[in-house]
Amino acid sequence: MELANSESKRECVYPGSGDFQIPIDLFGSKKHAGVPRGVLAFADSSGNILFKVNPHPPNPDSSDKKLLLDASGNPVFSIYGHHNGSWKCYKGDNELVFRVQRTLKTLTRVELEVFFYGERSNDEGCDLKVRGSPFNKSCSIYKDADLVAQTSLMYKLHQLYVSRGKFRLTIFPGTIDHAIVVALCVIFLNGRK
């Protein structure tokens, strides 16, 4: 009887139950209301724009520059793409946050390694990995063996043709900033070049 009483008083404690979170979905498209046509934007399930990508024309020292803007239009990150398959992401224009190196590029598959500035020494490997198919707008972002985020095209029941114009970005609970995940998606989708 004592055992039954002690068992009933025990609380169920789940790892992280104090700050229980669920995955969130953002919807990426170049056709959101209130955003100029052709500008990639990420909205929540209510249609509120959370992030926009402002492309800049290429210049001689880097092949590509993009600005990731928040909902108010304030710059979050400056993303510089280089001809050798690498990218650098800065907070503002001078504080390096992370760099990305493409490790695999085939017709249907791209893999990237992400290195946060100051997180690890050079011999310890990457902090995040991104794998998938830019053509299908599908990728997975991993931290070690844990899934951080995932993108996929939007499917509808009984749909014969899947539009590639809109995709879902699911961000799983964790310690990775959502703006970093969105920046990695922008880099990954740009990696099809």
# chains A, B, ... in the order shown; residues from 1 in each chain; ligands from 1
$ residues_around --residues "segment 121-136 of chain A" --least-positions-apart "4" --cutoff "9 Å" --atoms "only C-alpha atoms" --output "number ranges by chain"
A: 107-116, 140-144, 148, 152-153, 164, 184-185, 188-192
$ residues_around --residues "segment 22-32 of chain A" --least-positions-apart "2" --cutoff "9 Å" --atoms "only C-alpha atoms" --output "number ranges by chain"
A: 20, 34-45, 47, 49-50, 149, 165-173
$ write_last_selection --atoms "N, CA and C atoms" --output "PDB file, in the first residue's frame"
ATOM      1  N   PHE A  20       7.939  24.053 -22.332  1.00  0.00           N
ATOM      2  CA  PHE A  20       7.410  23.228 -23.407  1.00  0.00           C
ATOM      3  C   PHE A  20       7.096  24.083 -24.629  1.00  0.00           C
ATOM      4  N   GLY A  34       1.264  42.346 -49.846  1.00  0.00           N
ATOM      5  CA  GLY A  34       1.997  43.422 -49.200  1.00  0.00           C
ATOM      6  C   GLY A  34       3.502  43.382 -49.408  1.00  0.00           C
ATOM      7  N   VAL A  35       3.969  42.409 -50.169  1.00  0.00           N
ATOM      8  CA  VAL A  35       5.404  42.281 -50.456  1.00  0.00           C
ATOM      9  C   VAL A  35       5.570  42.390 -51.969  1.00  0.00           C
ATOM     10  N   PRO A  36       6.532  43.170 -52.442  1.00  0.00           N
ATOM     11  CA  PRO A  36       6.721  43.275 -53.895  1.00  0.00           C
ATOM     12  C   PRO A  36       6.917  41.895 -54.537  1.00  0.00           C
ATOM     13  N   ARG A  37       6.310  41.723 -55.682  1.00  0.00           N
ATOM     14  CA  ARG A  37       6.392  40.439 -56.393  1.00  0.00           C
ATOM     15  C   ARG A  37       7.850  40.098 -56.678  1.00  0.00           C
ATOM     16  N   GLY A  38       8.202  38.842 -56.415  1.00  0.00           N
ATOM     17  CA  GLY A  38       9.559  38.382 -56.658  1.00  0.00           C
ATOM     18  C   GLY A  38      10.462  38.460 -55.446  1.00  0.00           C
ATOM     19  N   VAL A  39       9.976  39.065 -54.344  1.00  0.00           N
ATOM     20  CA  VAL A  39      10.757  39.144 -53.108  1.00  0.00           C
ATOM     21  C   VAL A  39      10.358  37.965 -52.227  1.00  0.00           C
ATOM     22  N   LEU A  40      11.335  37.124 -51.873  1.00  0.00           N
ATOM     23  CA  LEU A  40      11.062  35.978 -51.007  1.00  0.00           C
ATOM     24  C   LEU A  40      10.741  36.482 -49.606  1.00  0.00           C
ATOM     25  N   ALA A  41       9.614  36.011 -49.074  1.00  0.00           N
ATOM     26  CA  ALA A  41       9.188  36.390 -47.732  1.00  0.00           C
ATOM     27  C   ALA A  41       8.723  35.149 -46.987  1.00  0.00           C
ATOM     28  N   PHE A  42       8.809  35.223 -45.666  1.00  0.00           N
ATOM     29  CA  PHE A  42       8.379  34.129 -44.804  1.00  0.00           C
ATOM     30  C   PHE A  42       7.281  34.662 -43.892  1.00  0.00           C
ATOM     31  N   ALA A  43       6.125  33.968 -43.903  1.00  0.00           N
ATOM     32  CA  ALA A  43       4.968  34.391 -43.113  1.00  0.00           C
ATOM     33  C   ALA A  43       4.585  33.298 -42.133  1.00  0.00           C
ATOM     34  N   ASP A  44       3.888  33.695 -41.052  1.00  0.00           N
ATOM     35  CA  ASP A  44       3.373  32.699 -40.117  1.00  0.00           C
ATOM     36  C   ASP A  44       2.046  32.160 -40.646  1.00  0.00           C
ATOM     37  N   SER A  45       1.397  31.289 -39.861  1.00  0.00           N
ATOM     38  CA  SER A  45       0.154  30.660 -40.330  1.00  0.00           C
ATOM     39  C   SER A  45      -0.995  31.648 -40.471  1.00  0.00           C
ATOM     40  N   GLY A  47      -0.543  34.581 -41.883  1.00  0.00           N
ATOM     41  CA  GLY A  47      -0.219  35.416 -43.038  1.00  0.00           C
ATOM     42  C   GLY A  47       0.604  36.647 -42.690  1.00  0.00           C
ATOM     43  N   ILE A  49       3.853  38.649 -42.209  1.00  0.00           N
ATOM     44  CA  ILE A  49       5.220  38.540 -42.701  1.00  0.00           C
ATOM     45  C   ILE A  49       6.184  38.686 -41.522  1.00  0.00           C
ATOM     46  N   LEU A  50       7.087  37.703 -41.365  1.00  0.00           N
ATOM     47  CA  LEU A  50       8.076  37.742 -40.293  1.00  0.00           C
ATOM     48  C   LEU A  50       9.467  38.098 -40.812  1.00  0.00           C
ATOM     49  N   ALA A 149      15.389  21.938 -38.281  1.00  0.00           N
ATOM     50  CA  ALA A 149      14.344  22.496 -39.143  1.00  0.00           C
ATOM     51  C   ALA A 149      14.264  21.684 -40.425  1.00  0.00           C
ATOM     52  N   GLY A 165       6.015  27.141 -55.987  1.00  0.00           N
ATOM     53  CA  GLY A 165       6.066  28.549 -55.621  1.00  0.00           C
ATOM     54  C   GLY A 165       5.970  28.822 -54.134  1.00  0.00           C
ATOM     55  N   LYS A 166       5.432  27.872 -53.362  1.00  0.00           N
ATOM     56  CA  LYS A 166       5.256  28.073 -51.931  1.00  0.00           C
ATOM     57  C   LYS A 166       5.758  26.834 -51.202  1.00  0.00           C
ATOM     58  N   PHE A 167       6.468  27.066 -50.110  1.00  0.00           N
ATOM     59  CA  PHE A 167       6.984  25.937 -49.334  1.00  0.00           C
ATOM     60  C   PHE A 167       6.834  26.219 -47.849  1.00  0.00           C
ATOM     61  N   ARG A 168       6.895  25.135 -47.077  1.00  0.00           N
ATOM     62  CA  ARG A 168       6.757  25.214 -45.619  1.00  0.00           C
ATOM     63  C   ARG A 168       8.128  25.036 -44.987  1.00  0.00           C
ATOM     64  N   LEU A 169       8.411  25.865 -43.993  1.00  0.00           N
ATOM     65  CA  LEU A 169       9.612  25.739 -43.178  1.00  0.00           C
ATOM     66  C   LEU A 169       9.154  25.428 -41.765  1.00  0.00           C
ATOM     67  N   THR A 170       9.442  24.212 -41.290  1.00  0.00           N
ATOM     68  CA  THR A 170       9.097  23.812 -39.933  1.00  0.00           C
ATOM     69  C   THR A 170      10.339  23.928 -39.075  1.00  0.00           C
ATOM     70  N   ILE A 171      10.249  24.730 -38.012  1.00  0.00           N
ATOM     71  CA  ILE A 171      11.364  24.916 -37.085  1.00  0.00           C
ATOM     72  C   ILE A 171      11.004  24.212 -35.787  1.00  0.00           C
ATOM     73  N   PHE A 172      11.842  23.253 -35.398  1.00  0.00           N
ATOM     74  CA  PHE A 172      11.590  22.469 -34.197  1.00  0.00           C
ATOM     75  C   PHE A 172      12.140  23.198 -32.973  1.00  0.00           C
ATOM     76  N   PRO A 173      11.555  22.954 -31.799  1.00  0.00           N
ATOM     77  CA  PRO A 173      11.998  23.651 -30.588  1.00  0.00           C
ATOM     78  C   PRO A 173      13.475  23.397 -30.320  1.00  0.00           C
TER      79      PRO A 173
END
$ residues_around --residues "segment 88-95 of chain A" --least-positions-apart "6" --cutoff "9 Å" --atoms "only C-alpha atoms" --output "list in words"
Pro75, Val76, Phe77, Ser78, Ile79, Tyr80, Gly81, His82, Gln101 and Ala183 of chain A
$ atom_distance --atom1 "atom CA of Val186 of chain A" --atom2 "atom CA of Leu67 of chain A"
10.1 Å
$ closest_residue --among "A:His56, A:His83, A:Lys66, A:Lys137" --to "Ser163 of chain A" --atoms "only C-alpha atoms"
A:Lys137
$ select_by_dssp --residues "segment 18-160 of chain A" --states "helix (DSSP H, G or I)" --output "compact mmCIF listing (two decimals) with all heavy atoms, in the first residue's frame"
# COMPACT_ATOMS: atom_id res chain seq x y z
N GLY A 18 9.40 22.45 -18.43
CA GLY A 18 9.18 23.79 -17.89
C GLY A 18 9.00 24.82 -18.98
O GLY A 18 8.30 25.80 -18.82
N ASP A 19 9.63 24.60 -20.12
CA ASP A 19 9.51 25.53 -21.23
C ASP A 19 9.05 24.77 -22.48
O ASP A 19 9.66 24.83 -23.52
CB ASP A 19 10.83 26.26 -21.48
CG ASP A 19 11.99 25.30 -21.70
OD1 ASP A 19 11.83 24.09 -21.50
OD2 ASP A 19 13.05 25.77 -22.08
N ASN A 122 38.94 25.25 -35.11
CA ASN A 122 38.91 24.82 -36.51
C ASN A 122 38.94 23.31 -36.70
O ASN A 122 38.50 22.82 -37.72
CB ASN A 122 40.08 25.45 -37.27
CG ASN A 122 39.88 26.93 -37.47
OD1 ASN A 122 38.77 27.42 -37.41
ND2 ASN A 122 40.97 27.64 -37.69
N ASP A 123 39.46 22.54 -35.75
CA ASP A 123 39.61 21.10 -35.96
C ASP A 123 38.43 20.27 -35.47
O ASP A 123 38.45 19.06 -35.55
CB ASP A 123 40.90 20.62 -35.29
CG ASP A 123 40.91 20.90 -33.80
OD1 ASP A 123 40.10 21.72 -33.34
OD2 ASP A 123 41.75 20.29 -33.09
N GLU A 124 37.39 20.89 -34.96
CA GLU A 124 36.30 20.13 -34.37
C GLU A 124 35.14 19.84 -35.31
O GLU A 124 34.19 19.20 -34.91
CB GLU A 124 35.78 20.86 -33.13
CG GLU A 124 36.72 20.79 -31.97
CD GLU A 124 36.07 21.28 -30.70
OE1 GLU A 124 34.89 21.02 -30.48
OE2 GLU A 124 36.78 21.93 -29.93
$ select_by_dssp --residues "segment 28-96 of chain A" --states "strand (DSSP E)" --output "VMD selection string"
chain A and resid 28 to 29 41 to 43 49 to 56 64 to 70 75 to 81 86 to 91 95 to 96
